[in-house]
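Colleague: If you scroll down you'll find the structure; I have some questions about it.
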Amino acid sequence: MDIATLIASNGDLSFADIDQARDALGGIGAMVGDAAWIDEGVAADLPFGRVDLAGARAALDGLLPGVDIVVQPASGRAKKLLLADMDSTMITIECIDELADYAGIKPQVATVTERAMRGELDFEEALDARVALLKGLDEETIERCRAERVRLMPGARTLVQTMKAYGARTVLVSGGFTVFADRVAQAIGFDRALSNHLGMGGGVLNGTVARPIVGAATKRETLIAERETLGLERSQTLAVGDGANDIPMIEEAGLGVAYHAKPRTAAAADARIAHGDLTALLYAQGYRRADWVE
């Protein structure tokens, strides 16, 4: 059997919602089992069979306002490896845009960031161009930005700490910068962090990024390497991100999740979280709130 997990961001999931999902699956010929609450009024599992996952996802996509629905095989849903993007996924901002704000050029940089995240620009070229504009920004300003602007995404620490408590390895892999990512990884509790190094000289940015750049290919390669080191099957892995540079790792994962993502990323993912916070990924794995580690 496969399973559809319904997760209500407003905590108002009803029997009528579940019945509507049941009818949608039945309408494409699925054999639908009895629903089971994970947490009553918030999240429920609806088992089904006889139709493929793609068909089930299409039938349920956008069906219930304010409700995220994750469709996957019922077996092995609790993953043993998590790879996560940082900016706009594990934290609420795009760090490079906020650095640009301190330099007085945020609109110029943010436009490029948005286009890169939508997949309209080459990621590495766009990163080089934006970092070049930050040349001369000093370490004190970077520290101010980190202290004043970086905020963890709701549910980020709970997601990582809970998965670790149940035996998963967690890796933060970011196209952003080590000056932010290392602190974020520590605050959330990731086992490992991988990100880009900004060039510095005399206490100021020199406008360059060290090679090799952590981009889309690196994210996918890191997932594969971690999976192989741990001796895991692809189905035991989870990847989550929001931008086009996350697509390769999302496609490589057993469950690839687009989190409040750009359209191209959402289209490539197995699951989309468009309403809830990152604890939705715990419900998708079958963890009740009573199981969570805060």
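Naming works like this for the structure tokens: A, B, ... for the chains as they're shown, residue 1 at the start of each chain, ligands 1 onward in shown order.
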For the strand (DSSP E) assignment from backbone DSSP, which residues of region 35-113 of chain A qualify? Please present them as a ChimeraX atom specification.
Modeller: /A:36-39,43-49,67-73,81-84
Colleague: Name the residues in contact with Ile142 (chain A) at a cut-off of 10 Å, using only C-alpha atoms, excluding same-chain residues fewer than 2 positions from it; report them as a PDB file with N, CA and C atoms, in the first residue's frame.
Modeller:
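Written file, out.pdb:
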ATOM      1  N   CYS A  95      20.619  35.069   2.522  1.00  0.00           N
ATOM      2  CA  CYS A  95      21.687  35.815   3.190  1.00  0.00           C
ATOM      3  C   CYS A  95      22.347  36.845   2.275  1.00  0.00           C
ATOM      4  N   GLU A  98      20.429  40.026   2.126  1.00  0.00           N
ATOM      5  CA  GLU A  98      20.514  40.829   3.340  1.00  0.00           C
ATOM      6  C   GLU A  98      21.886  41.502   3.453  1.00  0.00           C
ATOM      7  N   LEU A  99      22.940  40.828   3.038  1.00  0.00           N
ATOM      8  CA  LEU A  99      24.249  41.487   2.981  1.00  0.00           C
ATOM      9  C   LEU A  99      24.192  42.675   2.028  1.00  0.00           C
ATOM     10  N   TYR A 102      22.792  45.821   3.560  1.00  0.00           N
ATOM     11  CA  TYR A 102      23.754  46.609   4.340  1.00  0.00           C
ATOM     12  C   TYR A 102      24.682  47.409   3.421  1.00  0.00           C
ATOM     13  N   LEU A 137      32.807  44.999   1.657  1.00  0.00           N
ATOM     14  CA  LEU A 137      31.981  44.883   2.853  1.00  0.00           C
ATOM     15  C   LEU A 137      32.834  44.279   3.975  1.00  0.00           C
ATOM     16  N   ASP A 138      32.768  44.854   5.167  1.00  0.00           N
ATOM     17  CA  ASP A 138      33.694  44.433   6.226  1.00  0.00           C
ATOM     18  C   ASP A 138      33.094  43.355   7.125  1.00  0.00           C
ATOM     19  N   GLU A 139      33.972  42.718   7.888  1.00  0.00           N
ATOM     20  CA  GLU A 139      33.570  41.608   8.750  1.00  0.00           C
ATOM     21  C   GLU A 139      32.557  42.038   9.807  1.00  0.00           C
ATOM     22  N   GLU A 140      32.699  43.232  10.317  1.00  0.00           N
ATOM     23  CA  GLU A 140      31.762  43.721  11.328  1.00  0.00           C
ATOM     24  C   GLU A 140      30.351  43.802  10.766  1.00  0.00           C
ATOM     25  N   ARG A 144      26.988  41.788  11.942  1.00  0.00           N
ATOM     26  CA  ARG A 144      25.728  42.483  12.227  1.00  0.00           C
ATOM     27  C   ARG A 144      24.582  41.845  11.458  1.00  0.00           C
ATOM     28  N   CYS A 145      24.821  41.548  10.206  1.00  0.00           N
ATOM     29  CA  CYS A 145      23.794  40.914   9.378  1.00  0.00           C
ATOM     30  C   CYS A 145      23.392  39.575   9.969  1.00  0.00           C
ATOM     31  N   ARG A 146      24.355  38.793  10.367  1.00  0.00           N
ATOM     32  CA  ARG A 146      24.070  37.481  10.943  1.00  0.00           C
ATOM     33  C   ARG A 146      23.248  37.611  12.228  1.00  0.00           C
ATOM     34  N   ALA A 147      23.628  38.551  13.073  1.00  0.00           N
ATOM     35  CA  ALA A 147      22.932  38.718  14.350  1.00  0.00           C
ATOM     36  C   ALA A 147      21.540  39.318  14.183  1.00  0.00           C
ATOM     37  N   GLU A 148      21.397  40.243  13.257  1.00  0.00           N
ATOM     38  CA  GLU A 148      20.150  40.990  13.125  1.00  0.00           C
ATOM     39  C   GLU A 148      19.140  40.381  12.168  1.00  0.00           C
ATOM     40  N   VAL A 179      30.146  31.658   6.521  1.00  0.00           N
ATOM     41  CA  VAL A 179      30.024  32.598   7.637  1.00  0.00           C
ATOM     42  C   VAL A 179      28.626  32.578   8.241  1.00  0.00           C
ATOM     43  N   PHE A 180      27.643  32.129   7.470  1.00  0.00           N
ATOM     44  CA  PHE A 180      26.292  31.950   7.994  1.00  0.00           C
ATOM     45  C   PHE A 180      25.998  30.475   8.273  1.00  0.00           C
ATOM     46  N   VAL A 204      37.943  42.578   4.906  1.00  0.00           N
ATOM     47  CA  VAL A 204      36.825  42.933   4.035  1.00  0.00           C
ATOM     48  C   VAL A 204      36.673  41.880   2.939  1.00  0.00           C
ATOM     49  N   LEU A 205      35.484  41.825   2.362  1.00  0.00           N
ATOM     50  CA  LEU A 205      35.259  40.916   1.237  1.00  0.00           C
ATOM     51  C   LEU A 205      36.051  41.381   0.021  1.00  0.00           C
TER      52      LEU A 205
END
Colleague: Residues near Arg192 (chain A), anyone? I mean within 10 Å using only C-alpha atoms, not counting same-chain ones fewer than 3 positions away, as a ChimeraX atom specification.
Modeller: /A:83,169-173,182,185-186,189
Colleague: Region 57-257 of chain A: which residues are alpha helix (DSSP H) by DSSP, as an mmCIF file with C-alpha atoms, in the first residue's frame?
Modeller:
data_model
loop_
_atom_site.group_PDB
_atom_site.id
_atom_site.type_symbol
_atom_site.label_atom_id
_atom_site.label_comp_id
_atom_site.auth_asym_id
_atom_site.auth_seq_id
_atom_site.Cartn_x
_atom_site.Cartn_y
_atom_site.Cartn_z
ATOM 1 C CA ARG A 57 -0.454 13.061 -6.534
ATOM 2 C CA ALA A 58 -2.214 14.597 -9.507
ATOM 3 C CA ALA A 59 -5.627 13.734 -8.079
ATOM 4 C CA LEU A 60 -4.831 15.268 -4.692
ATOM 5 C CA CYS A 95 21.687 35.815 3.190
ATOM 6 C CA ILE A 96 23.240 37.411 0.129
ATOM 7 C CA ASP A 97 20.238 39.710 -0.278
ATOM 8 C CA GLU A 98 20.514 40.829 3.340
ATOM 9 C CA LEU A 99 24.249 41.487 2.981
ATOM 10 C CA ALA A 100 23.404 43.559 -0.074
ATOM 11 C CA ASP A 101 20.935 45.542 2.024
ATOM 12 C CA TYR A 102 23.754 46.609 4.340
ATOM 13 C CA LYS A 106 19.552 44.992 -2.107
ATOM 14 C CA PRO A 107 17.091 45.562 -4.983
ATOM 15 C CA GLN A 108 19.833 45.002 -7.552
ATOM 16 C CA VAL A 109 21.086 41.803 -5.904
ATOM 17 C CA ALA A 110 17.683 40.411 -4.892
ATOM 18 C CA THR A 111 16.452 40.545 -8.488
ATOM 19 C CA VAL A 112 19.356 38.347 -9.569
ATOM 20 C CA THR A 113 18.797 35.989 -6.624
ATOM 21 C CA GLU A 114 15.149 35.544 -7.525
ATOM 22 C CA ARG A 115 15.966 34.790 -11.152
ATOM 23 C CA ALA A 116 18.695 32.327 -10.157
ATOM 24 C CA MET A 117 16.381 30.519 -7.737
ATOM 25 C CA PHE A 123 23.719 29.593 -10.502
ATOM 26 C CA GLU A 124 27.511 29.918 -10.418
ATOM 27 C CA GLU A 125 27.623 32.892 -12.747
ATOM 28 C CA ALA A 126 24.873 34.623 -10.800
ATOM 29 C CA LEU A 127 26.661 33.949 -7.514
ATOM 30 C CA ASP A 128 29.946 35.362 -8.824
ATOM 31 C CA ALA A 129 28.202 38.473 -10.122
ATOM 32 C CA ARG A 130 26.409 39.157 -6.843
ATOM 33 C CA VAL A 131 29.429 38.544 -4.638
ATOM 34 C CA ALA A 132 31.511 40.886 -6.805
ATOM 35 C CA LEU A 133 29.049 43.653 -5.940
ATOM 36 C CA GLU A 139 33.570 41.608 8.750
ATOM 37 C CA GLU A 140 31.762 43.721 11.328
ATOM 38 C CA THR A 141 28.907 44.313 8.890
ATOM 39 C CA ILE A 142 28.704 40.602 8.099
ATOM 40 C CA GLU A 143 28.471 39.857 11.823
ATOM 41 C CA ARG A 144 25.728 42.483 12.227
ATOM 42 C CA CYS A 145 23.794 40.914 9.378
ATOM 43 C CA ARG A 146 24.070 37.481 10.943
ATOM 44 C CA ALA A 147 22.932 38.718 14.350
ATOM 45 C CA GLU A 148 20.150 40.990 13.125
ATOM 46 C CA ARG A 149 18.690 39.155 10.147
ATOM 47 C CA ALA A 156 13.751 23.582 11.521
ATOM 48 C CA ARG A 157 15.323 22.534 14.807
ATOM 49 C CA THR A 158 12.449 20.193 15.665
ATOM 50 C CA LEU A 159 12.764 18.447 12.293
ATOM 51 C CA VAL A 160 16.493 17.886 12.599
ATOM 52 C CA GLN A 161 16.561 17.000 16.292
ATOM 53 C CA THR A 162 13.698 14.519 15.921
ATOM 54 C CA MET A 163 15.212 12.781 12.917
ATOM 55 C CA LYS A 164 18.566 12.532 14.704
ATOM 56 C CA ALA A 165 16.889 11.119 17.809
ATOM 57 C CA THR A 178 30.110 29.422 5.512
ATOM 58 C CA VAL A 179 30.024 32.598 7.637
ATOM 59 C CA PHE A 180 26.292 31.950 7.994
ATOM 60 C CA ALA A 181 25.892 28.209 7.384
ATOM 61 C CA ASP A 182 28.280 26.990 10.069
ATOM 62 C CA ARG A 183 26.422 28.923 12.781
ATOM 63 C CA VAL A 184 23.016 27.912 11.433
ATOM 64 C CA ALA A 185 24.020 24.240 11.319
ATOM 65 C CA GLN A 186 25.223 24.419 14.903
ATOM 66 C CA ALA A 187 22.060 26.177 16.115
ATOM 67 C CA ILE A 188 19.784 23.620 14.456
ATOM 68 C CA ALA A 216 23.340 22.083 -7.793
ATOM 69 C CA ALA A 217 25.755 19.307 -8.789
ATOM 70 C CA THR A 218 27.508 19.389 -5.422
ATOM 71 C CA LYS A 219 24.214 19.032 -3.590
ATOM 72 C CA ARG A 220 23.304 15.928 -5.566
ATOM 73 C CA GLU A 221 26.820 14.476 -5.252
ATOM 74 C CA THR A 222 26.767 15.038 -1.492
ATOM 75 C CA LEU A 223 23.483 13.171 -1.153
ATOM 76 C CA ILE A 224 24.849 10.225 -3.129
ATOM 77 C CA ALA A 225 28.131 10.154 -1.207
ATOM 78 C CA GLU A 226 26.413 10.325 2.182
ATOM 79 C CA ARG A 227 23.925 7.651 1.165
ATOM 80 C CA GLU A 228 26.653 5.299 -0.015
ATOM 81 C CA THR A 229 28.800 5.889 3.060
ATOM 82 C CA LEU A 230 25.855 4.963 5.276
ATOM 83 C CA ILE A 247 16.354 20.263 -8.003
ATOM 84 C CA PRO A 248 19.089 17.648 -8.615
ATOM 85 C CA MET A 249 19.222 16.579 -4.955
ATOM 86 C CA ILE A 250 15.421 16.668 -4.696
ATOM 87 C CA GLU A 251 15.165 14.387 -7.741
ATOM 88 C CA GLU A 252 17.875 12.074 -6.360
#
Colleague: Quote the spacing between CA of Leu64 (chain A) and CA of Ala44 (chain A) in Å to one decimal place.
Modeller: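 Separation of CA of Leu64 (chain A) and CA of Ala44 (chain A): 13.4 Å.
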Colleague: Mind checking which residues fall within 12 Å of Met31 (chain A), counting only C-alpha atoms, ignoring those fewer than 3 positions away in the same chain, and posting them as a list in words?
Modeller: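 In the requested format, the answer is Met1, Asp2, Ile3, Arg22, Asp23, Ala24, Leu25, Gly26, Gly27, Ile28, Asp34, Leu46, Pro47, Phe48, Gly49, Arg50, Val51, Asp52 and Ala56 of chain A.
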Colleague: What's around Gly11 (chain A) at 10 Å? Count only C-alpha atoms, leave out sequence neighbours fewer than 4 positions away in its own chain, and write the answer as a ChimeraX atom specification.
Modeller: /A:7,39-43,66-67,276
Colleague: Could the residues in this selection be saved with N, CA and C atoms as an mmCIF file, in the first residue's frame?
Modeller:
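File produced: again01.cif:
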data_model
loop_
_atom_site.group_PDB
_atom_site.id
_atom_site.type_symbol
_atom_site.label_atom_id
_atom_site.label_comp_id
_atom_site.auth_asym_id
_atom_site.auth_seq_id
_atom_site.Cartn_x
_atom_site.Cartn_y
_atom_site.Cartn_z
ATOM 1 N N ILE A 7 -1.915 17.181 5.927
ATOM 2 C CA ILE A 7 -1.360 18.000 7.005
ATOM 3 C C ILE A 7 -1.968 19.395 6.911
ATOM 4 N N ASP A 39 -1.986 13.127 14.368
ATOM 5 C CA ASP A 39 -2.439 14.007 15.450
ATOM 6 C C ASP A 39 -3.811 14.530 15.047
ATOM 7 N N GLU A 40 -4.818 14.250 15.848
ATOM 8 C CA GLU A 40 -6.187 14.568 15.482
ATOM 9 C C GLU A 40 -6.364 16.049 15.180
ATOM 10 N N GLY A 41 -7.015 16.328 14.041
ATOM 11 C CA GLY A 41 -7.273 17.682 13.617
ATOM 12 C C GLY A 41 -6.117 18.353 12.905
ATOM 13 N N VAL A 42 -4.954 17.696 12.903
ATOM 14 C CA VAL A 42 -3.761 18.292 12.285
ATOM 15 C C VAL A 42 -3.249 17.450 11.125
ATOM 16 N N ALA A 43 -3.075 16.161 11.346
ATOM 17 C CA ALA A 43 -2.489 15.304 10.312
ATOM 18 C C ALA A 43 -3.102 13.914 10.363
ATOM 19 N N GLY A 66 -5.190 25.135 2.264
ATOM 20 C CA GLY A 66 -4.468 25.146 3.530
ATOM 21 C C GLY A 66 -3.959 23.803 3.989
ATOM 22 N N VAL A 67 -4.097 22.784 3.150
ATOM 23 C CA VAL A 67 -3.667 21.435 3.528
ATOM 24 C C VAL A 67 -2.586 20.948 2.568
ATOM 25 N N GLY A 276 2.317 24.572 5.450
ATOM 26 C CA GLY A 276 2.835 24.337 6.782
ATOM 27 C C GLY A 276 4.288 24.705 6.945
#
Colleague: Which one of A:Met153, A:Leu6, A:Leu82, A:Leu53 sits closest to Gly256 (chain A) if you count only C-alpha atoms?
Modeller: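 When distances to Gly256 (chain A) are compared using only C-alpha atoms, the smallest one comes from A:Leu82.
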Colleague: May I ask which of the residues A:Pro65, A:Gly243, A:Pro73, A:Gly119 is the closest one to Asp12 (chain A), counting only C-alpha atoms?
Modeller: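 The closest residue to Asp12 (chain A) is A:Pro65.
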Colleague: What is the distance, in Å and to one decimal place, between CA of Arg264 (chain A) and CA of Leu121 (chain A)?
Modeller: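 It comes out at 12.8 Å.
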